[in-house]
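What's in start37.txt: compact mmCIF, C-alpha atoms
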# COMPACT_ATOMS: atom_id res chain seq x y z
CA MET C 1 -25.07 12.20 16.98
CA GLY C 2 -25.91 11.41 13.39
CA LYS C 3 -27.94 8.43 12.35
CA GLY C 4 -25.34 7.28 9.82
CA LYS C 5 -22.98 4.40 10.22
CA SER C 6 -20.39 5.23 12.86
CA ASP C 7 -17.91 2.44 12.17
CA LEU C 8 -14.59 3.34 10.62
CA ALA C 9 -13.98 1.30 7.50
CA ILE C 10 -10.62 1.22 5.76
CA PRO C 11 -10.16 -0.99 2.69
CA LEU C 12 -6.83 -2.50 3.78
CA SER C 13 -6.51 -4.82 0.79
CA GLU C 14 -6.96 -1.84 -1.54
CA LEU C 15 -4.34 0.13 0.40
CA GLU C 16 -1.94 -2.81 0.11
CA ASP C 17 -2.57 -2.87 -3.64
CA TYR C 18 -2.09 0.91 -3.77
CA GLY C 19 1.45 0.64 -2.40
CA ARG C 20 2.31 -2.14 -4.86
CA LYS C 21 0.87 -0.19 -7.78
CA LEU C 22 2.82 2.92 -6.84
CA ARG C 23 6.05 0.93 -6.73
CA SER C 24 5.22 -0.58 -10.11
CA ILE C 25 4.73 2.90 -11.57
CA LYS C 26 8.08 3.95 -10.13
CA GLU C 27 9.80 0.98 -11.76
CA ARG C 28 8.27 1.80 -15.13
CA LEU C 29 9.28 5.46 -14.80
CA ASN C 30 12.84 4.40 -14.15
CA HIS C 31 13.00 2.21 -17.25
CA THR C 32 12.12 4.76 -19.94
CA LYS C 33 15.70 4.84 -21.26
CA LYS C 34 15.74 1.07 -21.74
CA MET C 35 12.33 1.20 -23.41
CA PHE C 36 13.44 3.95 -25.81
CA GLU C 37 16.62 2.03 -26.60
CA SER C 38 14.60 -1.10 -27.36
CA TYR C 39 12.70 0.83 -30.07
CA LYS C 40 15.78 2.47 -31.59
CA ASP C 41 15.85 0.26 -34.68
CA ASP C 42 12.05 0.40 -35.09
CA VAL C 43 11.89 4.21 -35.06
CA GLY C 44 13.90 4.45 -38.26
CA SER C 45 14.82 8.09 -37.99
CA GLY C 46 17.85 9.11 -35.97
CA THR C 47 16.16 12.45 -35.40
CA VAL C 48 13.24 10.81 -33.62
CA TYR C 49 15.55 8.66 -31.50
CA ASP C 50 17.64 11.72 -30.60
CA ALA C 51 14.46 13.55 -29.55
CA LEU C 52 13.48 10.60 -27.37
CA ASP C 53 16.99 10.52 -25.87
CA ASP C 54 16.80 14.25 -25.13
CA PHE C 55 13.40 13.78 -23.54
CA GLU C 56 14.71 10.96 -21.37
CA SER C 57 17.73 13.02 -20.28
CA ASN C 58 15.52 15.96 -19.27
CA TRP C 59 12.95 13.64 -17.74
CA HIS C 60 15.66 12.18 -15.50
CA ASP C 61 15.90 15.49 -13.60
CA GLY C 62 12.20 15.61 -12.67
CA ARG C 63 11.83 11.88 -12.24
CA GLU C 64 13.95 11.81 -9.09
CA ASP C 65 11.53 14.11 -7.25
CA ILE C 66 8.53 12.14 -8.51
CA THR C 67 10.02 8.81 -7.42
CA LYS C 68 10.74 10.19 -3.93
CA GLN C 69 7.12 11.26 -3.65
CA ILE C 70 5.93 7.87 -4.90
CA ASP C 71 8.12 6.16 -2.31
CA SER C 72 6.64 8.37 0.43
CA LEU C 73 3.07 7.61 -0.61
CA ALA C 74 3.76 3.88 -0.84
CA ASP C 75 5.44 3.91 2.59
CA MET C 76 2.51 5.82 4.11
CA SER C 77 0.10 3.29 2.63
CA ASP C 78 2.14 0.42 4.09
CA THR C 79 2.23 2.15 7.49
CA VAL C 80 -1.55 2.66 7.56
CA VAL C 81 -2.13 -1.00 6.70
CA ARG C 82 0.40 -2.23 9.28
CA GLU C 83 -0.90 0.02 12.09
CA PHE C 84 -4.56 -0.78 11.48
CA LYS C 85 -3.81 -4.51 11.42
CA LYS C 86 -1.96 -4.12 14.73
CA LEU C 87 -4.87 -2.14 16.18
CA ASP C 88 -7.40 -4.70 14.95
CA ASP C 89 -5.37 -7.59 16.41
CA ASP C 90 -4.99 -5.73 19.72
CA LEU C 91 -8.72 -4.96 19.96
CA ALA C 92 -9.62 -8.55 19.11
CA LYS C 93 -7.25 -9.84 21.82
CA LYS C 94 -8.69 -7.43 24.39
CA ALA C 95 -12.24 -8.44 23.51
CA LYS C 96 -11.36 -12.14 23.75
CA ASP C 97 -9.61 -11.60 27.11
CA ALA C 98 -12.61 -9.66 28.47
CA VAL C 99 -15.00 -12.46 27.50
CA ARG C 100 -12.66 -15.07 28.98
CA GLN C 101 -12.41 -13.17 32.31
CA GLU C 102 -16.19 -13.09 32.70
CA GLY C 103 -16.20 -16.87 32.47
CA PRO C 104 -19.32 -19.04 32.72
CA GLN C 105 -22.09 -17.49 34.79
CA GLN C 106 -23.15 -19.39 37.96
CA GLN C 107 -26.81 -20.19 38.50
CA PRO C 108 -28.22 -18.68 41.73
CA GLY C 109 -28.81 -21.12 44.63
CA GLY C 110 -26.02 -23.50 43.80
CA GLY C 111 -27.65 -24.09 40.41
CA GLY C 112 -27.53 -27.20 38.50
CA ASN C 113 -29.75 -30.19 38.06
CA LYS C 114 -27.86 -32.63 40.22
CA ALA C 115 -29.84 -35.43 41.66
CA ASP C 116 -29.15 -35.81 45.41
Just give me the structure as structure tokens.
Amino acid sequence: MGKGKSDLAIPLSELEDYGRKLRSIKERLNHTKKMFESYKDDVGSGTVYDALDDFESNWHDGREDITKQIDSLADMSDTVVREFKKLDDDLAKKAKDAVRQEGPQQQPGGGGNKAD
């Protein structure tokens, strides 16, 4: 066996954040039309706005596949976090039960410092 650290370490808090960040990206991807519409008056040129509208319409086709993949990644991240927390809780309970079953050790010969 190698001399390196053998413990498995998974940054659960980072995985939780990862799922949230992915869902945030998905939300922003799905709001491009509203964002483009909010800048309509600021753009000035109808040609530019029409180009943005065309982009958004074409982007809609590919966005659906991307959002499905984002959902899958976020769900996988949530599953890893949930399952490792369950495993950690289960191992902690088993360790606590094992220690409890051993109980206090008896001193040989009736042990104790009782005065007779």
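Here atom CA of C:Ile10 stands at a distance of 12.4 Å from atom CA of C:Leu87.
Near C:Asp17, within 12 Å and counting all atoms listed in the file, sit Pro11, Leu12, Ser13, Lys21, Leu22, Arg23, Ser24, Ala74, Ser77, Asp78 and Val81 of chain C, not including residues fewer than 4 positions from it in the same chain.
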Distance query stretch 53-60 of chain C at most 8 Å, all atoms listed in the file, self and fewer than 4 positions along chain excluded, as an mmCIF file with C-alpha atoms, keeping the file's coordinate frame:
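New file selection.cif:
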data_model
loop_
_atom_site.group_PDB
_atom_site.id
_atom_site.type_symbol
_atom_site.label_atom_id
_atom_site.label_comp_id
_atom_site.auth_asym_id
_atom_site.auth_seq_id
_atom_site.Cartn_x
_atom_site.Cartn_y
_atom_site.Cartn_z
ATOM 1 C CA THR C 32 12.120 4.760 -19.940
ATOM 2 C CA LYS C 33 15.700 4.840 -21.260
ATOM 3 C CA PHE C 36 13.440 3.950 -25.810
ATOM 4 C CA TYR C 49 15.550 8.660 -31.500
ATOM 5 C CA GLU C 64 13.950 11.810 -9.090
#
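Atom CA of C:Gly19 is positioned 12.9 Å from atom CA of C:Thr67.
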Revision key, fill the gap. Separating atom CA of C:Lys85 from atom CA of C:Gln69, to the nearest tenth of an Å, is a gap of 24.4 Å
Quick one: axis-aligned box around all listed atoms of stretch 31-46 of chain C, 4 Å on every side, centre and edge lengths in Å to one decimal, written as JSON.
{"center_x": 14.9, "center_y": 4.0, "center_z": -27.8, "size_x": 14.0, "size_y": 18.2, "size_z": 29.0}
Please return stretch 51-68 of chain C, rebuilt to N, CA and C atoms, as a tab-separated table (two decimals), in the coordinates of the input.
chain	number	residue	atom	x	y	z
C	51	ALA	N	15.48	12.80	-30.30
C	51	ALA	CA	14.46	13.55	-29.55
C	51	ALA	C	14.01	12.75	-28.32
C	52	LEU	N	13.84	11.44	-28.50
C	52	LEU	CA	13.48	10.60	-27.37
C	52	LEU	C	14.59	10.58	-26.32
C	53	ASP	N	15.84	10.52	-26.78
C	53	ASP	CA	16.99	10.52	-25.87
C	53	ASP	C	17.06	11.84	-25.11
C	54	ASP	N	16.81	12.95	-25.81
C	54	ASP	CA	16.80	14.25	-25.13
C	54	ASP	C	15.68	14.31	-24.09
C	55	PHE	N	14.52	13.81	-24.48
C	55	PHE	CA	13.40	13.78	-23.54
C	55	PHE	C	13.77	12.99	-22.30
C	56	GLU	N	14.35	11.82	-22.49
C	56	GLU	CA	14.71	10.96	-21.37
C	56	GLU	C	15.74	11.64	-20.47
C	57	SER	N	16.71	12.32	-21.07
C	57	SER	CA	17.73	13.02	-20.28
C	57	SER	C	17.10	14.12	-19.43
C	58	ASN	N	16.20	14.90	-20.02
C	58	ASN	CA	15.52	15.96	-19.27
C	58	ASN	C	14.55	15.38	-18.25
C	59	TRP	N	13.92	14.30	-18.61
C	59	TRP	CA	12.95	13.64	-17.74
C	59	TRP	C	13.65	13.11	-16.50
C	60	HIS	N	14.90	12.72	-16.62
C	60	HIS	CA	15.66	12.18	-15.50
C	60	HIS	C	15.70	13.18	-14.34
C	61	ASP	N	15.82	14.46	-14.65
C	61	ASP	CA	15.90	15.49	-13.60
C	61	ASP	C	14.62	15.54	-12.77
C	62	GLY	N	13.47	15.54	-13.39
C	62	GLY	CA	12.20	15.61	-12.67
C	62	GLY	C	11.77	14.28	-12.08
C	63	ARG	N	12.23	13.22	-12.68
C	63	ARG	CA	11.83	11.88	-12.24
C	63	ARG	C	12.28	11.59	-10.81
C	64	GLU	N	13.44	12.09	-10.43
C	64	GLU	CA	13.95	11.81	-9.09
C	64	GLU	C	12.99	12.33	-8.02
C	65	ASP	N	12.48	13.54	-8.21
C	65	ASP	CA	11.53	14.11	-7.25
C	65	ASP	C	10.24	13.30	-7.24
C	66	ILE	N	9.77	12.92	-8.41
C	66	ILE	CA	8.53	12.14	-8.51
C	66	ILE	C	8.70	10.79	-7.82
C	67	THR	N	9.82	10.13	-8.03
C	67	THR	CA	10.02	8.81	-7.42
C	67	THR	C	10.13	8.92	-5.90
C	68	LYS	N	10.69	10.00	-5.40
C	68	LYS	CA	10.74	10.19	-3.93
C	68	LYS	C	9.32	10.34	-3.38
